[in-house]
>>> print(open('start10.txt').read())   # compact mmCIF, C-alpha atoms
# COMPACT_ATOMS: atom_id res chain seq x y z
CA MET A 338 0.00 0.00 0.00
CA LYS A 339 1.34 3.40 -0.96
CA THR A 340 1.56 6.30 1.50
CA PRO A 341 2.53 9.93 0.91
CA PHE A 342 5.92 9.18 2.46
CA GLY A 343 7.18 6.58 -0.01
CA GLU A 344 9.27 8.92 -2.08
CA LEU A 345 10.69 10.68 0.95
CA LEU A 346 11.77 7.41 2.54
CA ALA A 347 13.24 6.15 -0.71
CA SER A 348 15.37 9.29 -1.05
CA LEU A 349 16.74 8.80 2.46
CA ILE A 350 17.58 5.13 2.04
CA ARG A 351 19.63 6.03 -1.02
CA GLN A 352 22.10 7.93 1.18
CA ARG A 353 25.36 6.11 1.72
CA GLY A 354 25.34 4.01 4.90
CA VAL A 355 21.62 4.37 5.59
CA SER A 356 20.05 0.99 6.30
CA GLY A 357 16.53 2.07 7.10
CA SER A 358 14.17 5.02 7.05
CA LEU A 359 10.80 5.14 8.73
CA VAL A 360 7.90 7.45 9.46
CA VAL A 361 6.63 6.66 12.92
CA SER A 362 3.77 7.85 15.09
CA GLU A 363 5.36 9.67 18.01
CA ASP A 364 2.60 8.82 20.46
CA ASP A 365 2.61 5.05 20.15
CA GLY A 366 5.75 4.20 18.19
CA ILE A 367 3.81 2.48 15.43
CA VAL A 368 5.31 2.39 11.92
CA VAL A 369 3.38 4.56 9.46
CA ASP A 370 5.63 3.73 6.52
CA SER A 371 9.14 2.39 6.14
CA ASN A 372 11.88 1.54 3.69
CA LEU A 373 14.26 -0.94 5.28
CA GLN A 374 17.17 -3.07 4.27
CA VAL A 375 17.05 -6.74 5.16
CA GLY A 376 17.90 -7.29 8.81
CA VAL A 377 16.56 -4.00 10.16
CA ASN A 378 13.76 -4.67 12.61
CA GLY A 379 11.31 -1.90 11.71
CA PRO A 380 8.82 -2.19 14.58
CA VAL A 381 11.58 -2.25 17.19
CA VAL A 382 13.41 0.71 15.66
CA ALA A 383 10.13 2.60 15.40
CA ALA A 384 9.12 2.03 18.99
CA LEU A 385 12.50 2.90 20.45
CA ALA A 386 13.24 5.87 18.23
CA ALA A 387 9.80 7.38 18.84
CA SER A 388 10.21 6.90 22.57
CA LEU A 389 13.67 8.46 22.55
CA TYR A 390 12.55 11.39 20.45
CA ARG A 391 9.51 11.97 22.65
CA LYS A 392 11.67 11.89 25.77
CA ALA A 393 14.13 14.36 24.27
CA ARG A 394 11.31 16.64 23.15
CA LEU A 395 9.66 16.68 26.56
CA SER A 396 12.98 17.17 28.34
CA SER A 397 13.89 20.02 26.05
CA ARG A 398 10.57 21.69 26.58
CA THR A 399 10.74 21.26 30.35
CA ALA A 400 14.23 22.69 30.34
CA GLY A 401 12.99 25.74 28.46
CA LEU A 402 14.97 24.99 25.31
CA GLY A 403 11.98 24.82 22.98
CA GLU A 404 11.15 22.18 20.42
CA VAL A 405 13.68 19.61 19.27
CA ALA A 406 14.61 20.03 15.62
CA PHE A 407 17.00 17.14 15.08
CA LEU A 408 18.25 14.30 17.24
CA THR A 409 21.06 11.88 16.62
CA LEU A 410 22.06 8.96 18.76
CA GLU A 411 25.45 7.46 18.06
CA ALA A 412 26.47 4.00 19.12
CA GLU A 413 29.48 1.80 18.50
CA GLN A 414 27.87 0.08 15.54
CA GLY A 415 25.43 2.57 14.14
CA ARG A 416 23.41 5.73 14.40
CA VAL A 417 19.77 6.61 14.79
CA CYS A 418 18.61 10.04 13.61
CA ALA A 419 15.17 11.55 14.16
CA VAL A 420 13.23 14.68 13.29
CA GLY A 421 9.61 15.26 14.15
CA ARG A 422 6.55 17.26 13.29
CA ASN A 423 2.81 16.94 13.74
CA ALA A 424 3.08 13.87 16.00
CA LEU A 425 5.12 12.06 13.36
CA VAL A 426 8.80 11.21 13.61
CA LEU A 427 11.04 10.61 10.63
CA VAL A 428 13.74 8.12 11.62
CA THR A 429 16.84 6.87 9.85
CA VAL A 430 19.13 4.07 10.94
CA ALA A 431 22.65 4.37 9.60
CA GLU A 432 26.01 2.71 9.80
CA PRO A 433 28.90 4.49 11.53
CA ARG A 434 30.47 5.32 8.13
CA ALA A 435 27.39 7.27 7.02
CA ASN A 436 27.74 11.00 6.35
CA ILE A 437 25.73 12.39 9.22
CA GLY A 438 25.87 15.95 7.89
CA LEU A 439 24.25 14.93 4.63
CA ILE A 440 21.61 12.82 6.35
CA ARG A 441 20.80 15.70 8.67
CA VAL A 442 20.31 18.11 5.77
CA GLU A 443 18.11 15.62 3.91
CA MET A 444 15.99 14.92 6.98
CA LEU A 445 15.48 18.58 7.82
CA ARG A 446 14.57 19.18 4.20
CA ALA A 447 12.05 16.34 4.35
CA LEU A 448 10.53 17.66 7.56
CA GLY A 449 8.08 19.80 5.65
CA GLU A 450 6.50 16.69 4.19
CA LEU A 451 5.55 15.31 7.59
CA ALA A 452 2.13 16.86 7.59
CA MET B 594 4.99 26.60 7.66
CA ALA B 595 5.98 24.57 4.59
CA ASP B 596 2.77 25.65 2.87
CA GLU B 597 3.40 29.28 3.71
CA ILE B 598 6.97 29.08 2.42
CA ARG B 599 5.73 27.55 -0.81
CA ARG B 600 3.04 30.21 -1.12
CA TRP B 601 5.47 33.04 -0.43
CA SER B 602 8.01 31.55 -2.85
CA ASP B 603 5.36 31.45 -5.55
CA GLU B 604 4.34 35.01 -4.80
CA LEU B 605 7.94 36.17 -5.01
CA ALA B 606 8.40 34.31 -8.29
CA ARG B 607 5.34 36.05 -9.70
CA ASP B 608 6.38 39.45 -8.39
CA PRO B 609 10.11 39.72 -7.66
CA SER B 610 9.62 43.24 -6.29
CA SER B 611 7.21 41.99 -3.63
CA MET B 612 8.04 42.69 0.00
CA ILE B 613 7.10 39.11 0.76
CA PHE B 614 10.80 38.27 0.62
CA LEU B 615 11.04 39.56 4.20
CA LYS B 616 8.59 36.93 5.46
CA LEU B 617 10.06 34.24 3.25
CA GLY B 618 13.65 34.93 4.33
CA GLU B 619 12.71 34.94 8.00
CA ALA B 620 10.71 31.72 7.67
CA LEU B 621 13.60 29.98 5.93
CA ARG B 622 16.01 31.26 8.56
CA ARG B 623 13.83 29.91 11.35
CA ARG B 624 13.69 26.53 9.62
CA GLY B 625 17.46 26.44 9.55
CA GLN B 626 17.69 26.92 5.76
CA VAL B 627 20.14 29.70 6.30
CA ASP B 628 21.86 29.66 2.92
CA LEU B 629 18.55 29.86 1.13
CA ALA B 630 17.39 32.63 3.44
CA HIS B 631 20.62 34.45 2.67
CA LYS B 632 19.98 34.30 -1.06
CA VAL B 633 16.42 35.54 -0.61
CA ALA B 634 17.57 38.45 1.54
CA LEU B 635 20.33 39.44 -0.87
CA ARG B 636 17.97 39.41 -3.85
CA GLY B 637 15.48 41.46 -1.90
CA LEU B 638 18.15 43.96 -0.98
CA GLU B 639 19.23 44.28 -4.60
CA ARG B 640 15.79 45.67 -5.33
CA ARG B 641 15.37 47.59 -2.09
CA PRO B 642 18.81 48.66 -0.90
CA HIS B 643 17.37 51.31 1.41
CA ASN B 644 14.88 49.11 3.22
CA ALA B 645 15.76 48.89 6.92
CA ASP B 646 13.86 45.66 7.53
CA ALA B 647 15.71 43.98 4.70
CA HIS B 648 19.06 44.92 6.23
CA ASP B 649 17.72 43.75 9.60
CA LEU B 650 16.85 40.38 8.07
CA LEU B 651 20.28 40.04 6.48
CA ALA B 652 21.88 40.89 9.83
CA ARG B 653 19.98 38.13 11.61
CA ILE B 654 20.90 35.67 8.89
CA SER B 655 24.52 36.74 9.21
CA VAL B 656 24.43 35.89 12.91
CA ASP B 657 23.15 32.44 12.02
CA ARG B 658 26.07 32.14 9.62
CA ALA B 659 28.43 33.24 12.43
CA GLU B 660 29.38 36.31 10.36
CA MET B 661 29.39 38.77 13.23
CA GLN B 662 31.12 41.63 11.47
CA ARG B 663 28.64 41.43 8.60
CA ALA B 664 25.78 41.39 11.10
CA PHE B 665 27.21 44.43 12.83
CA ASP B 666 27.54 46.32 9.54
CA GLU B 667 24.00 45.47 8.49
CA TRP B 668 22.49 46.58 11.80
CA ASP B 669 24.61 49.70 11.64
CA MET B 670 23.04 50.36 8.23
CA VAL B 671 19.58 49.78 9.69
CA LEU B 672 20.21 52.50 12.26
CA ARG B 673 21.24 54.92 9.53
CA LEU B 674 18.04 54.20 7.65
CA ALA B 675 15.78 53.99 10.69
CA PRO B 676 17.32 55.63 13.76
CA GLY B 677 16.10 54.06 16.99
CA HIS B 678 15.24 50.70 15.33
CA ALA B 679 14.89 48.44 18.41
CA GLY B 680 15.81 45.25 16.57
CA ALA B 681 19.03 46.75 15.25
CA LEU B 682 20.00 48.16 18.64
CA LYS B 683 19.34 44.80 20.24
CA GLY B 684 21.33 43.05 17.54
CA LEU B 685 24.28 45.40 17.91
CA GLY B 686 24.20 44.76 21.65
CA PHE B 687 24.26 41.05 20.94
CA VAL B 688 27.24 41.30 18.59
CA CYS B 689 29.20 43.52 20.98
CA PHE B 690 28.51 41.10 23.80
CA GLN B 691 29.68 38.18 21.69
CA GLU B 692 32.92 40.05 21.07
CA GLY B 693 33.41 40.89 24.73
CA ARG B 694 32.71 44.62 24.25
CA LEU B 695 30.50 44.80 27.30
CA ASP B 696 30.39 48.59 27.63
CA GLU B 697 29.14 48.98 24.07
CA ALA B 698 26.73 46.09 24.51
CA GLU B 699 25.30 47.74 27.58
CA ARG B 700 24.87 51.04 25.73
CA TYR B 701 23.12 49.46 22.74
CA LEU B 702 20.83 47.33 24.87
CA ALA B 703 19.86 50.28 27.05
CA GLN B 704 18.90 52.20 23.90
CA ALA B 705 17.02 49.14 22.60
CA LEU B 706 15.05 48.94 25.82
CA GLU B 707 14.12 52.60 25.51
CA ALA B 708 12.89 51.92 21.99
CA ASP B 709 10.92 48.82 22.95
CA GLU B 710 10.13 48.57 26.65
CA GLU B 711 7.86 45.58 26.17
CA ASP B 712 10.55 43.25 24.82
CA SER B 713 11.46 41.25 27.93
CA SER B 714 14.42 39.63 26.18
CA ILE B 715 16.10 43.05 25.92
CA ALA B 716 15.52 43.73 29.61
CA SER B 717 16.91 40.39 30.69
CA GLY B 718 19.81 40.70 28.28
CA LEU B 719 20.63 44.14 29.62
CA ALA B 720 20.45 42.87 33.19
CA TYR B 721 22.81 40.09 32.30
CA VAL B 722 25.32 42.41 30.64
CA ARG B 723 25.22 44.76 33.61
CA GLN B 724 25.82 41.86 35.94
CA LYS B 725 28.84 40.85 33.87
CA LEU B 726 30.13 44.41 33.93
CA ARG B 727 29.79 44.53 37.72
CA ARG B 728 31.55 41.20 37.97
CA ARG B 729 34.36 42.36 35.73
CA LYS B 730 34.79 45.49 37.81
CA GLU B 731 34.89 43.48 41.03
CA LEU B 732 37.46 41.12 39.56
CA GLY B 733 39.58 44.04 38.42
CA GLU B 734 39.47 45.64 41.84
CA ALA B 735 40.23 42.34 43.55
CA ALA B 736 43.17 41.68 41.25
CA GLY B 737 44.54 45.18 41.85
CA ALA B 738 44.17 44.83 45.61
CA GLY B 739 45.80 41.37 45.56
CA GLY B 740 48.81 42.52 43.59
CA ALA B 741 49.31 45.52 45.81
CA ALA B 742 48.98 43.46 48.95
CA ARG B 743 51.48 40.90 47.75
CA GLY B 744 53.79 43.56 46.46
CA ASP B 745 55.26 40.95 44.17
CA GLY B 746 53.73 41.91 40.89
CA GLY B 747 51.52 38.83 41.35
CA SER B 748 49.67 37.15 38.55
CA ALA B 749 47.23 39.10 36.48
CA ALA B 750 43.51 38.74 36.85
CA PRO B 751 42.21 35.36 35.66
CA PRO B 752 41.14 35.14 32.03
CA PRO B 753 37.57 36.13 31.35
CA GLU B 754 35.05 33.39 31.81
CA PRO B 755 32.68 32.15 29.14
CA ASP B 756 29.74 34.43 28.70
CA ALA B 757 26.18 33.83 27.67
CA THR B 758 24.90 36.14 25.00
CA PRO B 759 22.00 38.38 25.98
CA ALA B 760 19.79 36.53 23.54
CA MET B 761 20.80 33.22 25.00
CA ALA B 762 20.32 34.36 28.54
CA ALA B 763 16.87 35.52 27.59
CA ALA B 764 16.12 32.27 25.84
CA GLY B 765 17.33 30.23 28.77
CA VAL B 766 20.57 29.02 27.29
CA ALA B 767 23.58 28.42 29.33
CA ALA B 768 26.82 29.93 30.43
CA ALA B 769 29.47 28.90 32.88
CA PRO B 770 29.00 30.27 36.39
CA PRO B 771 30.75 33.31 37.80
CA THR B 772 32.98 31.23 40.01
CA ARG B 773 36.44 29.78 39.66
CA GLY B 774 39.23 27.89 41.34
CA ASP B 775 38.25 24.60 42.94
CA ASP B 776 34.52 25.22 42.69
CA PRO B 777 33.12 22.20 40.77
CA ARG B 778 30.61 24.49 39.09
CA SER B 779 33.39 26.09 37.07
CA LEU B 780 35.24 22.84 36.38
CA PHE B 781 34.64 22.91 32.65
CA ALA B 782 35.23 26.60 31.97
CA PRO B 783 38.65 25.92 30.35
CA ASP B 784 37.08 23.38 28.00
CA LEU B 785 34.38 25.65 26.70
CA GLY B 786 36.23 28.73 25.55
CA ASP B 787 34.43 31.98 24.87
CA GLY B 788 30.82 32.11 23.86
CA GLY B 789 27.54 30.86 25.22
CA HIS B 790 28.34 27.34 26.31
CA ALA B 791 27.74 25.32 29.42
CA ALA B 792 28.74 21.88 30.62
CA LEU B 793 27.51 19.54 33.30
CA LEU B 794 28.64 16.26 34.77
CA LEU B 795 25.79 14.16 36.14
CA ASP B 796 25.85 11.00 38.19
CA ALA B 797 23.75 7.91 37.49
CA SER B 798 20.77 9.46 39.25
CA GLY B 799 20.89 12.64 37.24
CA LEU B 800 22.36 14.63 40.12
CA VAL B 801 24.90 17.32 39.28
CA LEU B 802 28.50 16.52 40.15
CA ALA B 803 30.10 19.51 38.41
CA GLY B 804 29.31 22.35 36.04
CA ALA B 805 26.44 24.80 35.92
CA TYR B 806 23.67 25.91 33.62
CA LEU B 807 22.71 29.54 34.00
CA ILE B 808 19.62 31.23 32.65
CA ALA B 809 18.25 34.72 33.02
CA ALA B 810 16.08 34.84 36.11
CA PRO B 811 12.62 36.42 35.78
CA ALA B 812 13.49 38.92 38.49
CA GLY B 813 16.78 39.84 36.83
CA GLY B 814 20.22 38.34 37.21
CA THR B 815 20.73 34.64 36.57
CA GLN B 816 19.84 31.34 38.14
CA ASP B 817 21.47 27.93 37.92
CA ILE B 818 19.03 25.33 36.64
CA ALA B 819 21.61 22.54 36.43
CA PRO B 820 19.69 20.27 38.87
CA GLU B 821 16.50 20.49 36.80
CA MET B 822 18.41 20.01 33.56
CA GLY B 823 20.27 17.05 35.02
CA ALA B 824 17.10 15.33 36.10
CA GLU B 825 15.48 15.82 32.70
CA LEU B 826 18.45 14.91 30.53
CA SER B 827 19.41 11.82 32.46
CA GLY B 828 16.03 10.43 31.42
CA VAL B 829 17.10 10.79 27.79
CA SER B 830 20.26 8.78 28.40
CA ASP B 831 18.24 6.05 30.15
CA GLU B 832 16.08 5.85 27.07
CA ALA B 833 19.16 5.62 24.84
CA ARG B 834 20.59 2.79 26.90
CA ARG B 835 17.33 0.90 26.59
CA ALA B 836 17.18 1.47 22.84
CA MET B 837 20.72 0.28 22.28
CA ARG B 838 20.07 -2.92 24.19
CA HIS B 839 17.25 -3.78 21.82
CA LEU B 840 18.79 -2.56 18.58
CA ALA B 841 22.09 -4.39 19.07
CA LEU B 842 24.11 -1.38 17.98
CA GLY B 843 26.57 -1.66 20.85
CA ASP B 844 26.95 0.89 23.63
CA TRP B 845 25.76 4.41 22.87
CA THR B 846 28.53 6.96 22.59
CA SER B 847 26.68 10.27 22.21
CA ILE B 848 23.32 11.94 21.79
CA VAL B 849 23.00 15.33 20.17
CA PHE B 850 19.75 17.19 19.83
CA GLU B 851 19.19 20.57 18.35
CA THR B 852 16.43 22.67 19.84
CA GLU B 853 15.04 26.11 19.10
CA ALA B 854 17.33 27.69 21.69
CA ALA B 855 20.35 25.45 21.92
CA THR B 856 22.29 22.43 20.81
CA VAL B 857 22.63 19.84 23.56
CA ALA B 858 25.18 17.05 23.36
CA MET B 859 25.74 14.33 25.91
CA ALA B 860 27.94 11.30 26.35
CA PRO B 861 28.33 8.58 28.93
CA VAL B 862 31.26 9.07 31.27
CA ALA B 863 32.94 6.50 33.48
CA GLY B 864 30.11 4.01 33.37
CA ASP B 865 27.03 5.59 34.83
CA GLY B 866 27.97 9.26 34.61
CA LEU B 867 26.79 11.66 31.94
CA ALA B 868 28.62 14.63 30.44
CA VAL B 869 26.41 17.31 28.93
CA VAL B 870 27.34 20.31 26.81
CA ALA B 871 24.85 22.98 25.77
CA SER B 872 25.62 25.70 23.25
CA ASP B 873 23.68 28.41 21.53
CA ARG B 874 22.29 27.58 18.10
CA ILE B 875 24.87 29.58 16.21
CA THR B 876 27.65 27.32 17.43
CA PRO B 877 28.55 24.87 14.64
CA LEU B 878 27.53 21.29 15.42
CA GLY B 879 31.04 19.98 14.93
CA LEU B 880 32.39 22.41 17.50
CA VAL B 881 29.78 21.28 20.03
CA ARG B 882 30.92 17.70 19.56
CA ARG B 883 34.54 18.65 20.05
CA MET B 884 33.63 20.46 23.26
CA LEU B 885 31.78 17.36 24.39
CA ASP B 886 34.93 15.29 23.82
CA ARG B 887 37.00 17.73 25.87
CA VAL B 888 34.46 17.92 28.66
CA SER B 889 34.11 14.12 28.78
CA GLN B 890 37.87 13.66 29.03
CA HIS B 891 38.11 16.33 31.70
CA ALA B 892 35.30 14.66 33.62
CA VAL B 893 37.04 11.29 33.47
CA ASP B 894 40.30 12.81 34.74
CA TRP B 895 38.47 14.70 37.46
CA LEU B 896 36.59 11.63 38.66
CA ALA B 897 39.79 9.57 38.57
CA GLY B 898 41.38 12.20 40.78
CA GLY B 899 38.66 11.82 43.36
CA GLY B 900 36.25 14.52 42.14
CA ALA B 901 35.97 17.77 44.07
CA GLY B 902 37.96 16.40 46.98
CA GLY B 903 40.78 15.29 44.73
CA GLU B 904 41.12 18.55 42.81
CA ALA B 905 40.89 20.67 45.88
CA ALA B 906 43.53 18.62 47.65
>>> encode(input="start10.txt", output="structure tokens")
Amino acid sequence: MKTPFGELLASLIRQRGVSGSLVVSEDDGIVVDSNLQVGVNGPVVAALAASLYRKARLSSRTAGLGEVAFLTLEAEQGRVCAVGRNALVLVTVAEPRANIGLIRVEMLRALGELA
Amino acid sequence: MADEIRRWSDELARDPSSMIFLKLGEALRRRGQVDLAHKVALRGLERRPHNADAHDLLARISVDRAEMQRAFDEWDMVLRLAPGHAGALKGLGFVCFQEGRLDEAERYLAQALEADEEDSSIASGLAYVRQKLRRRKELGEAAGAGGAARGDGGSAAPPPEPDATPAMAAAGVAAAPPTRGDDPRSLFAPDLGDGGHAALLLDASGLVLAGAYLIAAPAGGTQDIAPEMGAELSGVSDEARRAMRHLALGDWTSIVFETEAATVAMAPVAGDGLAVVASDRITPLGLVRRMLDRVSQHAVDWLAGGGAGGEAA
């Protein structure tokens, strides 16, 4: 089934080192649409990334820093990036070699399509 | 916002002389599309070189691009075109503060407040600058008295501490505290350099071990909200730990999130600890990460030395 996010997700997965891109509901962590390489567990990524983004957003707001524009979590074997709008979170999972600057630009550019 | 930007872009395409470029440039700037905003502002200025608001827009974009001299020049131009322009006076105060010219910053902000008494960010920024001026004066007097008392041509006054910009103080973004020596609150001052940055070291419970996070207090002056920040941000790191366990990506090494007012970066330190760096939005992301590396290393060394007790000893 096609969603309005198919093209957006396809453009993100084409970035070097990106192994998955998803649009996720921030409230419940459910996948709205995804484009994943084999081996990426979409529902788990969605739930955890949405939860992390929500926590960061609430913490930022409580701390008086305003809304979160972009979040990146780096780990030894990969990265998770997230941007959100209108209760939706756009998530990418990437390998450590991925160009985080490029992914960030692409995700912020795509933010407008999360409506 | 995306719809409005599209609509304004279309309108500008239909009528290149439209003043809508002011709204479009500002909207793009706020969305972080600074280079695009810059192009829009420049094209607008080509058609309206004597429009004060257009120069004001370009000045704000220049700040986002960390081009302080350009910002200063543009706001200076605004004042020539529209004397008493509150936004330009506020901006000039901001630039002067960034460059450590506190006297000039104070003068510009005082004029800005006269021009717009209802802008609380100007009032809090001015209060902050005046506090810094008082502090600088006290330090100067103390250094003079110390040298005279020692009679040995003793060391000069300590280097200036990191400052928060007026805009940051108003927005609630951090600066290192006005303390020094063995006070753990100023532990990371050498790692942060000049500008509006702050650093914290938290324990596993989110309690502050070192560092400070100052914001402009509603009643004037500043207040340290490090304990509240620590409690909130440690929750984010707990969430990260949980996520990494399930995603099999190994241990997490850093989290960075950009907010409307600041960029916050954090990293695990010595097992359960958490190092946090917060910087204003104009600080390049790469620089924030480098500061986080320095602060983390400093925190490790400090903890290995026994923390506050060790350094003081």
>>> atom_distance(input="start10.txt", atom1="atom CA of Val369 of chain A", atom2="atom CA of Gly421 of chain A")
13.2 Å
>>> interface_residues(input="start10.txt", of="chain B", to="chain A", cutoff="8 Å", atoms="only C-alpha atoms", output="CSV table (one decimal) with C-alpha atoms, in the coordinates of the input")
chain,number,residue,atom,x,y,z
B,594,MET,CA,5.0,26.6,7.7
B,595,ALA,CA,6.0,24.6,4.6
B,764,ALA,CA,16.1,32.3,25.8
B,765,GLY,CA,17.3,30.2,28.8
B,766,VAL,CA,20.6,29.0,27.3
B,821,GLU,CA,16.5,20.5,36.8
B,822,MET,CA,18.4,20.0,33.6
B,825,GLU,CA,15.5,15.8,32.7
B,826,LEU,CA,18.4,14.9,30.5
B,828,GLY,CA,16.0,10.4,31.4
B,829,VAL,CA,17.1,10.8,27.8
B,832,GLU,CA,16.1,5.8,27.1
B,833,ALA,CA,19.2,5.6,24.8
B,836,ALA,CA,17.2,1.5,22.8
B,837,MET,CA,20.7,0.3,22.3
B,839,HIS,CA,17.2,-3.8,21.8
B,840,LEU,CA,18.8,-2.6,18.6
B,842,LEU,CA,24.1,-1.4,18.0
B,843,GLY,CA,26.6,-1.7,20.8
B,844,ASP,CA,27.0,0.9,23.6
B,845,TRP,CA,25.8,4.4,22.9
B,846,THR,CA,28.5,7.0,22.6
B,847,SER,CA,26.7,10.3,22.2
B,848,ILE,CA,23.3,11.9,21.8
B,849,VAL,CA,23.0,15.3,20.2
B,850,PHE,CA,19.8,17.2,19.8
B,851,GLU,CA,19.2,20.6,18.4
B,852,THR,CA,16.4,22.7,19.8
B,853,GLU,CA,15.0,26.1,19.1
B,854,ALA,CA,17.3,27.7,21.7
B,855,ALA,CA,20.4,25.4,21.9
>>> residues_around(input="start10.txt", residues="segment 658-672 of chain B", least_positions_apart="5", cutoff="12 Å", atoms="only C-alpha atoms", output="ChimeraX atom specification")
/B:622,625-631,634-635,638,642-653,677-692,698,701,704-705,788,873-877
>>> atom_distance(input="start10.txt", atom1="atom CA of Gly343 of chain A", atom2="atom CA of Arg441 of chain A")
18.5 Å
>>> atom_distance(input="start10.txt", atom1="atom CA of Gly799 of chain B", atom2="atom CA of Ile818 of chain B")
12.8 Å
>>> residues_near_point(input="start10.txt", point="(36.5, 17.6, 27.4)", cutoff="12 Å", atoms="all atoms listed in the file", output="PyMOL selection string")
chain B and resi 780-786+791-794+859-860+862+868-870+880-895
>>> residues_around(input="start10.txt", residues="segment 354-358 of chain A", least_positions_apart="4", cutoff="7 Å", atoms="all atoms listed in the file", output="PyMOL selection string")
chain A and resi 346+349-350+371-374+377+428-432+434-435
>>> closest_residue(input="start10.txt", among="B:Ala841, B:Ala803, B:Ala824, B:Ala720", to="Arg700 of chain B", atoms="all atoms listed in the file")
B:Ala720
